[in-house]
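Source file upload.tsv; content: TSV, C-alpha atoms.
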```tsv
chain	number	residue	atom	x	y	z
A	1477	MET	CA	25.61	9.65	-6.14
A	1478	ARG	CA	26.82	9.09	-9.69
A	1479	GLU	CA	29.56	11.49	-10.83
A	1480	GLY	CA	28.03	14.35	-12.74
A	1481	ALA	CA	24.46	13.39	-11.78
A	1482	VAL	CA	21.89	16.19	-11.84
A	1483	ILE	CA	19.32	16.10	-9.06
A	1484	ALA	CA	15.82	16.70	-10.35
A	1485	PRO	CA	13.50	18.83	-8.22
A	1486	GLN	CA	11.35	16.58	-6.05
A	1487	THR	CA	8.24	17.74	-7.85
A	1488	LEU	CA	9.72	16.22	-11.05
A	1489	LEU	CA	10.82	12.88	-9.59
A	1490	VAL	CA	7.36	11.41	-10.17
A	1491	ARG	CA	5.16	12.32	-13.14
A	1492	ARG	CA	1.56	11.39	-13.79
A	1493	LEU	CA	0.93	8.92	-16.57
A	1494	SER	CA	-2.13	10.93	-17.64
A	1495	ASP	CA	-4.18	13.92	-16.59
A	1496	ARG	CA	-7.15	11.54	-16.24
A	1497	PRO	CA	-7.68	8.56	-13.90
A	1498	ILE	CA	-6.76	5.12	-15.24
A	1499	LEU	CA	-9.91	3.78	-13.52
A	1500	GLU	CA	-13.03	5.88	-12.99
A	1501	ALA	CA	-15.74	5.48	-10.35
A	1502	GLY	CA	-18.65	3.40	-11.61
A	1503	ALA	CA	-16.57	1.32	-14.04
A	1504	LEU	CA	-18.04	-1.92	-12.60
A	1505	ASP	CA	-21.77	-2.56	-12.19
A	1506	GLY	CA	-22.90	-2.47	-8.57
A	1507	TYR	CA	-20.04	-0.25	-7.40
A	1508	GLY	CA	-19.37	3.46	-7.13
A	1509	PRO	CA	-15.92	4.67	-6.00
A	1510	LEU	CA	-12.98	2.52	-7.14
A	1511	PHE	CA	-9.72	3.57	-5.48
A	1512	ASN	CA	-6.67	2.69	-3.32
A	1513	ALA	CA	-5.42	-0.04	-5.64
A	1514	GLY	CA	-2.61	-2.51	-5.17
A	1515	LEU	CA	-0.80	-3.77	-8.25
A	1516	LEU	CA	0.84	-6.87	-9.67
A	1517	TYR	CA	2.41	-7.37	-13.08
A	1518	HIS	CA	1.93	-11.04	-13.87
A	1519	ASP	CA	1.64	-13.27	-16.92
A	1520	GLY	CA	2.17	-10.35	-19.30
A	1521	ALA	CA	-0.49	-8.06	-17.84
A	1522	TYR	CA	-1.04	-5.44	-15.16
A	1523	HIS	CA	-3.51	-6.54	-12.47
A	1524	LEU	CA	-5.09	-3.80	-10.37
A	1525	PHE	CA	-6.47	-4.87	-6.97
A	1526	VAL	CA	-9.02	-2.19	-6.19
A	1527	ARG	CA	-11.04	-1.15	-3.16
A	1528	ALA	CA	-14.57	-1.05	-4.58
A	1529	VAL	CA	-17.39	0.61	-2.64
A	1530	ARG	CA	-20.82	-0.94	-3.16
A	1531	ASP	CA	-23.63	1.21	-4.47
A	1532	GLY	CA	-26.17	2.46	-1.94
A	1533	TYR	CA	-24.03	4.23	0.65
A	1534	ARG	CA	-24.95	7.73	1.79
A	1535	SER	CA	-23.40	10.62	3.68
A	1536	GLY	CA	-23.58	10.71	7.47
A	1537	ASP	CA	-25.34	13.39	9.47
A	1538	GLY	CA	-22.25	15.55	9.70
A	1539	GLY	CA	-21.97	15.16	13.47
A	1540	THR	CA	-19.68	12.92	15.48
A	1541	GLY	CA	-20.82	9.76	13.70
A	1542	PRO	CA	-19.37	8.17	10.57
A	1543	SER	CA	-18.83	10.22	7.41
A	1544	PHE	CA	-20.79	7.62	5.41
A	1545	VAL	CA	-23.51	5.09	6.23
A	1546	ASP	CA	-23.83	1.62	4.67
A	1547	TYR	CA	-20.32	2.09	3.30
A	1548	VAL	CA	-18.94	-1.35	2.43
A	1549	SER	CA	-15.95	-2.24	0.25
A	1550	ASP	CA	-15.05	-5.40	-1.64
A	1551	ILE	CA	-11.77	-6.05	-3.47
A	1552	VAL	CA	-12.11	-6.32	-7.23
A	1553	VAL	CA	-9.45	-6.98	-9.87
A	1554	PHE	CA	-9.07	-5.22	-13.22
A	1555	THR	CA	-6.50	-6.10	-15.90
A	1556	SER	CA	-4.59	-4.11	-18.51
A	1557	ALA	CA	-2.16	-4.94	-21.28
A	1558	ASP	CA	-0.46	-1.53	-21.17
A	1559	GLY	CA	-1.13	0.02	-17.74
A	1560	HIS	CA	-3.36	2.70	-19.28
A	1561	ARG	CA	-6.70	1.03	-19.95
A	1562	TYR	CA	-8.13	-1.38	-17.35
A	1563	GLU	CA	-11.11	-3.67	-17.90
A	1564	ASN	CA	-12.70	-7.06	-17.10
A	1565	GLY	CA	-13.32	-6.41	-13.41
A	1566	TYR	CA	-14.15	-9.34	-11.14
A	1567	VAL	CA	-14.66	-9.71	-7.39
A	1568	LEU	CA	-11.75	-11.30	-5.52
A	1569	ALA	CA	-12.69	-10.74	-1.86
A	1570	ARG	CA	-16.25	-10.02	-0.75
A	1571	ALA	CA	-17.11	-8.29	2.51
A	1572	GLY	CA	-19.60	-9.89	4.87
A	1573	THR	CA	-17.88	-13.26	5.12
A	1574	GLY	CA	-15.43	-14.52	7.72
A	1575	GLY	CA	-16.30	-11.81	10.23
A	1576	VAL	CA	-15.20	-8.93	8.01
A	1577	TYR	CA	-17.62	-6.05	7.53
A	1578	SER	CA	-15.52	-4.32	4.87
A	1579	VAL	CA	-12.25	-5.16	3.07
A	1580	GLU	CA	-10.14	-2.14	2.17
A	1581	ASP	CA	-6.84	-0.92	0.70
A	1582	PRO	CA	-5.22	-4.11	-0.68
A	1583	ARG	CA	-1.49	-4.48	-1.30
A	1584	VAL	CA	-0.23	-7.47	-3.31
A	1585	GLN	CA	3.34	-8.71	-3.14
A	1586	TRP	CA	5.56	-11.70	-3.88
A	1587	VAL	CA	7.35	-12.92	-0.76
A	1588	ASP	CA	10.27	-15.35	-0.88
A	1589	ASP	CA	9.54	-17.88	1.86
A	1590	ARG	CA	12.68	-20.01	2.33
A	1591	GLY	CA	13.16	-20.20	-1.42
A	1592	THR	CA	9.48	-20.62	-2.31
A	1593	PRO	CA	7.66	-17.61	-3.78
A	1594	ARG	CA	4.30	-16.87	-2.13
A	1595	LEU	CA	1.80	-14.36	-3.41
A	1596	VAL	CA	0.46	-12.40	-0.44
A	1597	MET	CA	-2.37	-9.88	-0.29
A	1598	THR	CA	-2.56	-7.68	2.79
A	1599	TYR	CA	-5.55	-5.41	3.38
A	1600	THR	CA	-7.48	-3.57	6.08
A	1601	HIS	CA	-9.98	-5.88	7.79
A	1602	LEU	CA	-12.80	-3.71	9.13
A	1603	PRO	CA	-15.20	-5.39	11.57
A	1604	ALA	CA	-18.81	-4.38	12.06
A	1605	PRO	CA	-19.17	-0.89	13.55
A	1606	GLY	CA	-18.62	-0.90	17.29
A	1607	THR	CA	-17.22	-4.44	17.47
A	1608	GLY	CA	-13.50	-3.70	17.51
A	1609	PRO	CA	-10.63	-1.90	15.79
A	1610	TRP	CA	-9.51	-2.35	12.21
A	1611	ARG	CA	-6.85	-5.05	11.78
A	1612	ILE	CA	-4.46	-6.26	9.11
A	1613	GLY	CA	-6.11	-8.98	7.07
A	1614	ALA	CA	-4.01	-11.29	4.87
A	1615	HIS	CA	-4.53	-14.06	2.37
A	1616	GLN	CA	-2.24	-15.92	0.05
A	1617	LEU	CA	-3.46	-15.89	-3.56
A	1618	THR	CA	-3.46	-18.43	-6.35
A	1619	TRP	CA	-3.53	-17.90	-10.13
A	1620	ASP	CA	-5.52	-20.28	-12.33
A	1621	GLY	CA	-4.30	-18.89	-15.64
A	1622	ASP	CA	-7.31	-16.62	-15.97
A	1623	ARG	CA	-7.87	-14.91	-12.63
A	1624	PHE	CA	-6.59	-14.68	-9.07
A	1625	ARG	CA	-8.38	-16.45	-6.24
A	1626	LEU	CA	-8.14	-16.40	-2.46
A	1627	ASP	CA	-6.45	-19.39	-0.89
A	1628	GLU	CA	-9.17	-19.48	1.76
A	1629	PRO	CA	-7.40	-21.63	4.43
A	1630	THR	CA	-4.51	-19.14	4.54
A	1631	GLY	CA	-6.69	-16.22	5.70
A	1632	ARG	CA	-5.29	-14.55	8.81
A	1633	LEU	CA	-5.44	-11.46	10.99
A	1634	LEU	CA	-1.88	-10.25	11.48
A	1635	GLY	CA	-0.50	-8.13	14.30
A	1636	PRO	CA	-1.49	-7.70	17.95
A	1637	ALA	CA	-5.09	-8.44	18.88
A	1638	GLY	CA	-7.25	-5.52	19.99
A	1639	VAL	CA	-4.95	-2.86	18.50
A	1640	ALA	CA	-5.93	-0.65	15.55
A	1641	ASN	CA	-3.37	-1.54	12.89
A	1642	LYS	CA	-3.28	-1.20	9.09
A	1643	ASP	CA	-1.24	-0.19	6.00
A	1644	ALA	CA	0.81	-3.40	5.98
A	1645	VAL	CA	3.35	-4.41	3.33
A	1646	VAL	CA	5.37	-7.63	3.49
A	1647	PHE	CA	8.77	-8.26	1.87
A	1648	THR	CA	11.87	-10.45	2.06
A	1649	LEU	CA	15.13	-9.09	3.45
A	1650	ALA	CA	18.53	-9.89	1.95
A	1651	ASP	CA	19.22	-12.58	4.56
A	1652	GLY	CA	15.94	-14.39	3.78
A	1653	LYS	CA	14.00	-13.12	6.79
A	1654	VAL	CA	10.51	-11.73	6.20
A	1655	ALA	CA	9.63	-8.18	7.27
A	1656	MET	CA	6.31	-6.41	7.66
A	1657	VAL	CA	5.88	-2.65	7.78
A	1658	HIS	CA	2.64	-1.73	9.56
A	1659	ARG	CA	0.98	1.33	11.05
A	1660	ILE	CA	-0.07	1.77	14.66
A	1661	HIS	CA	-1.07	5.43	14.59
A	1662	PRO	CA	0.62	7.79	13.96
A	1663	ASP	CA	3.92	6.06	13.10
A	1664	MET	CA	5.17	3.23	10.88
A	1665	GLN	CA	6.64	0.19	12.59
A	1666	LEU	CA	8.80	-2.73	11.38
A	1667	ALA	CA	8.36	-6.34	12.49
A	1668	VAL	CA	10.87	-9.02	11.38
A	1669	PHE	CA	10.30	-12.78	11.27
A	1670	ASP	CA	12.40	-15.84	10.46
A	1671	ASP	CA	10.04	-16.75	7.63
A	1672	LEU	CA	6.51	-16.25	6.37
A	1673	SER	CA	5.15	-19.03	8.58
A	1674	GLN	CA	6.31	-17.22	11.69
A	1675	LEU	CA	4.58	-14.04	10.56
A	1676	TRP	CA	1.43	-15.94	9.61
A	1677	ASP	CA	1.10	-17.58	13.02
A	1678	ALA	CA	3.01	-15.19	15.28
A	1679	SER	CA	2.23	-15.82	18.94
A	1680	ASP	CA	0.71	-13.37	21.40
A	1681	HIS	CA	4.11	-13.42	23.12
A	1682	TYR	CA	5.78	-12.07	19.97
A	1683	TRP	CA	3.30	-9.22	19.61
A	1684	ASP	CA	3.29	-8.42	23.35
A	1685	ALA	CA	7.07	-7.98	23.20
A	1686	HIS	CA	6.72	-5.90	20.03
A	1687	LEU	CA	4.21	-3.55	21.69
A	1688	ALA	CA	6.27	-3.30	24.87
A	1689	ASP	CA	9.19	-1.89	22.87
A	1690	LEU	CA	7.28	-0.08	20.14
A	1691	ASP	CA	9.69	2.86	20.01
A	1692	HIS	CA	12.51	0.47	19.09
A	1693	HIS	CA	10.40	-0.99	16.28
A	1694	THR	CA	9.32	2.40	14.93
A	1695	LEU	CA	10.53	2.79	11.36
A	1696	MET	CA	9.41	6.36	10.63
A	1697	ARG	CA	7.43	9.10	12.30
A	1698	PRO	CA	5.39	11.83	10.59
A	1699	ALA	CA	7.21	15.00	9.64
A	1700	PRO	CA	6.79	17.84	12.16
A	1701	GLY	CA	3.20	19.03	12.12
A	1702	ALA	CA	1.89	16.09	10.08
A	1703	LEU	CA	-0.91	13.92	11.48
A	1704	GLY	CA	0.14	10.43	10.42
A	1705	ILE	CA	2.20	8.25	8.11
A	1706	GLY	CA	1.79	4.81	6.57
A	1707	ALA	CA	3.30	2.39	4.08
A	1708	GLY	CA	2.08	2.62	0.51
A	1709	ALA	CA	3.34	0.13	-2.05
A	1710	PRO	CA	5.45	-2.94	-1.22
A	1711	PRO	CA	9.14	-1.94	-1.37
A	1712	VAL	CA	10.87	-1.89	-4.77
A	1713	ARG	CA	14.29	-3.55	-4.89
A	1714	THR	CA	17.07	-1.44	-6.48
A	1715	ARG	CA	20.86	-1.57	-6.63
A	1716	ASP	CA	21.09	0.75	-3.61
A	1717	GLY	CA	18.36	-0.69	-1.40
A	1718	LEU	CA	14.59	-0.84	-1.15
A	1719	LEU	CA	12.47	2.09	-2.32
A	1720	LEU	CA	9.44	2.52	-0.06
A	1721	PHE	CA	6.69	4.76	-1.41
A	1722	PHE	CA	4.49	5.86	1.49
A	1723	HIS	CA	1.75	8.33	2.34
A	1724	GLU	CA	1.71	11.14	4.85
A	1725	ARG	CA	-1.31	13.03	6.14
A	1726	ARG	CA	-0.49	16.68	6.54
A	1727	ALA	CA	-1.87	19.03	9.15
A	1728	ASP	CA	-4.52	20.26	6.71
A	1729	GLY	CA	-5.77	16.68	6.24
A	1730	SER	CA	-4.39	16.20	2.72
A	1731	TYR	CA	-2.51	13.03	1.76
A	1732	THR	CA	0.76	13.07	-0.20
A	1733	MET	CA	3.08	10.52	-1.82
A	1734	ASN	CA	6.55	10.31	-0.30
A	1735	VAL	CA	9.59	8.06	-0.64
A	1736	ALA	CA	12.35	6.60	1.52
A	1737	LEU	CA	15.22	4.17	1.00
A	1738	LEU	CA	15.37	1.10	3.25
A	1739	ASP	CA	18.38	-1.08	3.98
A	1740	GLU	CA	17.88	-4.44	2.22
A	1741	LEU	CA	19.36	-6.41	5.14
A	1742	THR	CA	17.72	-4.74	8.15
A	1743	GLY	CA	14.67	-3.01	6.63
A	1744	ARG	CA	15.59	0.18	8.49
A	1745	VAL	CA	15.50	3.65	6.89
A	1746	ARG	CA	18.71	4.81	5.22
A	1747	SER	CA	17.36	8.01	3.68
A	1748	ARG	CA	14.08	9.86	3.32
A	1749	LEU	CA	13.14	12.73	1.06
A	1750	PRO	CA	11.96	15.70	3.13
A	1751	GLU	CA	9.23	16.77	0.68
A	1752	PRO	CA	6.46	14.87	-1.15
A	1753	VAL	CA	7.07	13.55	-4.65
A	1754	LEU	CA	3.36	13.82	-5.55
A	1755	GLU	CA	0.52	15.75	-3.95
A	1756	PRO	CA	-3.13	16.45	-4.83
A	1757	GLU	CA	-3.22	18.95	-7.68
A	1758	LEU	CA	-5.67	17.77	-10.35
A	1759	GLU	CA	-9.39	18.25	-9.83
A	1760	TRP	CA	-10.08	14.50	-9.41
A	1761	GLU	CA	-7.32	14.28	-6.77
A	1762	ARG	CA	-8.65	17.29	-4.89
A	1763	ALA	CA	-12.42	16.64	-4.98
A	1764	GLY	CA	-14.24	13.39	-4.18
A	1765	ASP	CA	-15.58	11.49	-1.19
A	1766	VAL	CA	-12.47	12.56	0.74
A	1767	ALA	CA	-10.85	15.71	-0.61
A	1768	GLN	CA	-7.15	16.26	-1.27
A	1769	VAL	CA	-5.85	12.69	-1.41
A	1770	VAL	CA	-3.20	10.82	-3.35
A	1771	PHE	CA	-2.71	7.44	-1.67
A	1772	VAL	CA	-0.04	5.22	-3.23
A	1773	GLU	CA	-0.44	1.43	-3.01
A	1774	GLY	CA	1.02	-0.18	-6.14
A	1775	ALA	CA	4.50	-0.26	-7.66
A	1776	HIS	CA	6.03	-2.22	-10.54
A	1777	LEU	CA	9.69	-1.90	-11.55
A	1778	SER	CA	10.42	-2.00	-15.29
A	1779	GLY	CA	13.97	-1.14	-16.26
A	1780	ASP	CA	14.85	2.18	-14.71
A	1781	GLU	CA	11.25	3.26	-14.08
A	1782	VAL	CA	8.66	2.43	-11.45
A	1783	TYR	CA	5.00	2.39	-12.50
A	1784	LEU	CA	2.88	3.56	-9.54
A	1785	THR	CA	-0.84	3.36	-8.80
A	1786	TYR	CA	-2.60	5.58	-6.30
A	1787	GLY	CA	-6.07	6.29	-4.99
A	1788	ALA	CA	-7.37	9.79	-5.70
A	1789	ALA	CA	-9.86	11.54	-3.37
A	1790	ASP	CA	-11.27	8.14	-2.31
A	1791	THR	CA	-13.02	7.99	-5.68
A	1792	CYS	CA	-10.81	6.78	-8.55
A	1793	VAL	CA	-7.32	5.47	-9.44
A	1794	GLY	CA	-4.43	7.40	-10.93
A	1795	ALA	CA	-1.07	6.23	-12.25
A	1796	ALA	CA	2.39	7.76	-12.32
A	1797	VAL	CA	5.96	6.82	-13.22
A	1798	ALA	CA	9.20	7.53	-11.39
A	1799	SER	CA	12.82	7.41	-12.52
A	1800	VAL	CA	14.78	5.11	-10.23
A	1801	PRO	CA	18.19	6.74	-10.91
A	1802	HIS	CA	16.76	10.20	-10.18
A	1803	LEU	CA	15.12	8.98	-6.97
A	1804	LEU	CA	18.32	7.29	-5.79
A	1805	ASP	CA	20.36	10.41	-6.55
A	1806	ALA	CA	17.90	12.57	-4.61
A	1807	LEU	CA	17.91	10.15	-1.68
A	1808	ALA	CA	21.72	10.10	-1.65
A	1809	ALA	CA	21.73	13.89	-1.62
A	1810	ALA	CA	19.28	13.88	1.30
A	1811	GLY	CA	21.85	12.00	3.37
A	1812	GLU	CA	21.65	9.22	5.91
A	1813	GLN	CA	18.54	9.12	8.09
A	1814	ASP	CA	18.83	9.55	11.84
A	1815	ALA	CA	16.91	7.13	14.03
A	1816	PRO	CA	13.19	8.07	14.26
```
File written out as structure tokens:
Amino acid sequence: MREGAVIAPQTLLVRRLSDRPILEAGALDGYGPLFNAGLLYHDGAYHLFVRAVRDGYRSGDGGTGPSFVDYVSDIVVFTSADGHRYENGYVLARAGTGGVYSVEDPRVQWVDDRGTPRLVMTYTHLPAPGTGPWRIGAHQLTWDGDRFRLDEPTGRLLGPAGVANKDAVVFTLADGKVAMVHRIHPDMQLAVFDDLSQLWDASDHYWDAHLADLDHHTLMRPAPGALGIGAGAPPVRTRDGLLLFFHERRADGSYTMNVALLDELTGRVRSRLPEPVLEPELEWERAGDVAQVVFVEGAHLSGDEVYLTYGAADTCVGAAVASVPHLLDALAAAGEQDAP
């Protein structure tokens, strides 16, 4: 901790950019809810990678079946010059092709692959109802000077086959290895690879060994009484380590934004704040298709601040900013993290 530093209350470590969403439901023809957005600042603009639900879905019967029927998401991209006003939406990844019924919750990140930067989008790959569990989908992306496009031959399903797995972020460790945080319910796990190619085409043997020793690979568990935990935005590199913004589902079903500090060499947790840094409070965060949700997925570091994007109530997108020095001071005060 810096000498003389004042620790801000955790409720003040992250502040909303506005009391209104930065992207409202219905902002693109043919779609209703727009939420759970990844983020990339590139070529002088903010690019928001949004889960977009097609028009025409309806509520389920309220029994043991799905909450919604005919509920299908594509990934669309909106751009902004200032991070406040987003426009010019276009479809990047369309459901219904390549065996995917719905594409959800994209994260976008640069990964250093043996000295070559690769732009990677991870997302939840949802198969047709009743045909298998959700998986981690991944594509590398290209930029043509005007818009992003899928590099179709690079499309993969990552992680062990037949296991429900999601909320993946990929990043490069200080020694050049490539790490992936993923979520096999209810915990977060860490998988480490020599390079991106090994992750992209990891063998069944690798994942069998990973599953056989899953406790060893567990990065974080939910707080006592919470129902689940999962990675949010790709980690943000700071002078003290990697800031990981993540979500936690509390016992009452609400989702909160939380933060931990990861070691830049091992990817393991060094410190974790015990309380959320953002929770559902505004009406559009508390009421929507799924009530009481803030679900962080995007982060961009600019100077001493991190610009964050989050899904609100499975309906729209909000934005917030966080002071990196204040977060690091609070994490230092929280102390070193014991093994999960």
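With atom CA of A:Pro1710 on one side and atom CA of A:Ser1543 on the other, the separation reads 28.9 Å.
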Students should find that atom CA of A:Leu1504 and atom CA of A:Ile1551 are spaced 11.8 Å
From A:Val1639, A:Ala1528, A:Leu1720, A:Leu1690, residue lying nearest A:Gly1608 [all atoms listed in the file]: A:Val1639
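In terms of minimum interatomic distance to A:Val1552, A:Asn1512 ranks closest within A:Thr1714, A:Thr1540, A:Gln1665, A:Asn1512, counting all atoms listed in the file.
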Taking every listed atom of stretch 1710-1721 of chain A and adding 5 Å to each side, what centre and edge lengths in Å (one decimal) does the axis-aligned box have, as JSON?
```
{"center_x": 13.3, "center_y": 0.6, "center_z": -3.3, "size_x": 25.6, "size_y": 18.3, "size_z": 16.6}
```
Hey, what's within 12 Å of A:Ala1678 if we count all atoms listed in the file and toss same-chain stuff fewer than 2 positions away? As a PyMOL selection string, please? chain A and resi 1632-1637+1667-1676+1680-1686
Counting all atoms listed in the file, note down every residue that has an atom within 6 Å of the point (-3.7, 5.6, -2.1) (file coordinates), as a ChimeraX atom specification. /A:1512,1770-1773,1786-1787
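Note that atom CA of A:Val1529 and atom CA of A:Pro1609 are 19.8 Å apart.
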Neighbourhood query: residues within 12 Å of (-16.3, -1.9, 14.1), file coordinates, counting all atoms listed in the file; return as a PDB file with C-alpha atoms, in the frame of the given file.
```pdb
ATOM      1  CA  PRO A1542     -19.370   8.170  10.570  1.00  0.00           C
ATOM      2  CA  VAL A1548     -18.940  -1.350   2.430  1.00  0.00           C
ATOM      3  CA  GLY A1575     -16.300 -11.810  10.230  1.00  0.00           C
ATOM      4  CA  VAL A1576     -15.200  -8.930   8.010  1.00  0.00           C
ATOM      5  CA  TYR A1577     -17.620  -6.050   7.530  1.00  0.00           C
ATOM      6  CA  SER A1578     -15.520  -4.320   4.870  1.00  0.00           C
ATOM      7  CA  HIS A1601      -9.980  -5.880   7.790  1.00  0.00           C
ATOM      8  CA  LEU A1602     -12.800  -3.710   9.130  1.00  0.00           C
ATOM      9  CA  PRO A1603     -15.200  -5.390  11.570  1.00  0.00           C
ATOM     10  CA  ALA A1604     -18.810  -4.380  12.060  1.00  0.00           C
ATOM     11  CA  PRO A1605     -19.170  -0.890  13.550  1.00  0.00           C
ATOM     12  CA  GLY A1606     -18.620  -0.900  17.290  1.00  0.00           C
ATOM     13  CA  THR A1607     -17.220  -4.440  17.470  1.00  0.00           C
ATOM     14  CA  GLY A1608     -13.500  -3.700  17.510  1.00  0.00           C
ATOM     15  CA  PRO A1609     -10.630  -1.900  15.790  1.00  0.00           C
ATOM     16  CA  TRP A1610      -9.510  -2.350  12.210  1.00  0.00           C
ATOM     17  CA  ARG A1611      -6.850  -5.050  11.780  1.00  0.00           C
ATOM     18  CA  GLY A1638      -7.250  -5.520  19.990  1.00  0.00           C
ATOM     19  CA  ALA A1640      -5.930  -0.650  15.550  1.00  0.00           C
TER      20      ALA A1640
END
```
Option closest in space to A:Pro1750, from A:Gln1813, A:Gln1616, A:Thr1791, A:Asn1564 [counting all atoms listed in the file]: A:Gln1813
Long-range neighbours of A:Ala1650 as a ChimeraX atom specification, 9 Å cut-off, all atoms listed in the file, 5 positions minimum in chain: /A:1740-1742
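Closest approach to A:Asp1643 among A:His1723, A:Arg1697, A:His1523, A:His1776 is made by A:His1723 (distances from all atoms listed in the file).
Each of A:Gly1541, A:Gly1779, A:Gly1613, A:Gly1559 was compared to A:Leu1516 using all atoms listed in the file, and A:Gly1559 turns out to be the nearest.
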Close residues, A:Met1733 itself excluded, 6 Å, only C-alpha atoms, min 2 positions apart in chain, as a list of chain:residue names: A:Phe1722, A:His1723, A:Pro1752, A:Val1753, A:Leu1754
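Distances here use all atoms listed in the file; by that measure, the residue among A:Val1782, A:Ala1707, A:Ala1808, A:Met1597 closest to A:Gly1514 is A:Met1597.
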Near A:Ser1494, counting all atoms listed in the file, which residues have an atom at most 10 Å away, once you skip same-chain residues fewer than 5 positions from it, shown as a compact mmCIF listing (two decimals) with C-alpha atoms, keeping the file's coordinate frame?
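Full text of out.txt as output:
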```
# COMPACT_ATOMS: atom_id res chain seq x y z
CA HIS A 1560 -3.36 2.70 -19.28
CA GLY A 1794 -4.43 7.40 -10.93
CA ALA A 1795 -1.07 6.23 -12.25
CA ALA A 1796 2.39 7.76 -12.32
```
Long-range neighbours of A:Asp1739 as a ChimeraX atom specification, 12 Å cut-off, only C-alpha atoms, 5 positions minimum in chain: /A:1648-1651,1655,1695,1711-1720,1744-1748,1812-1813
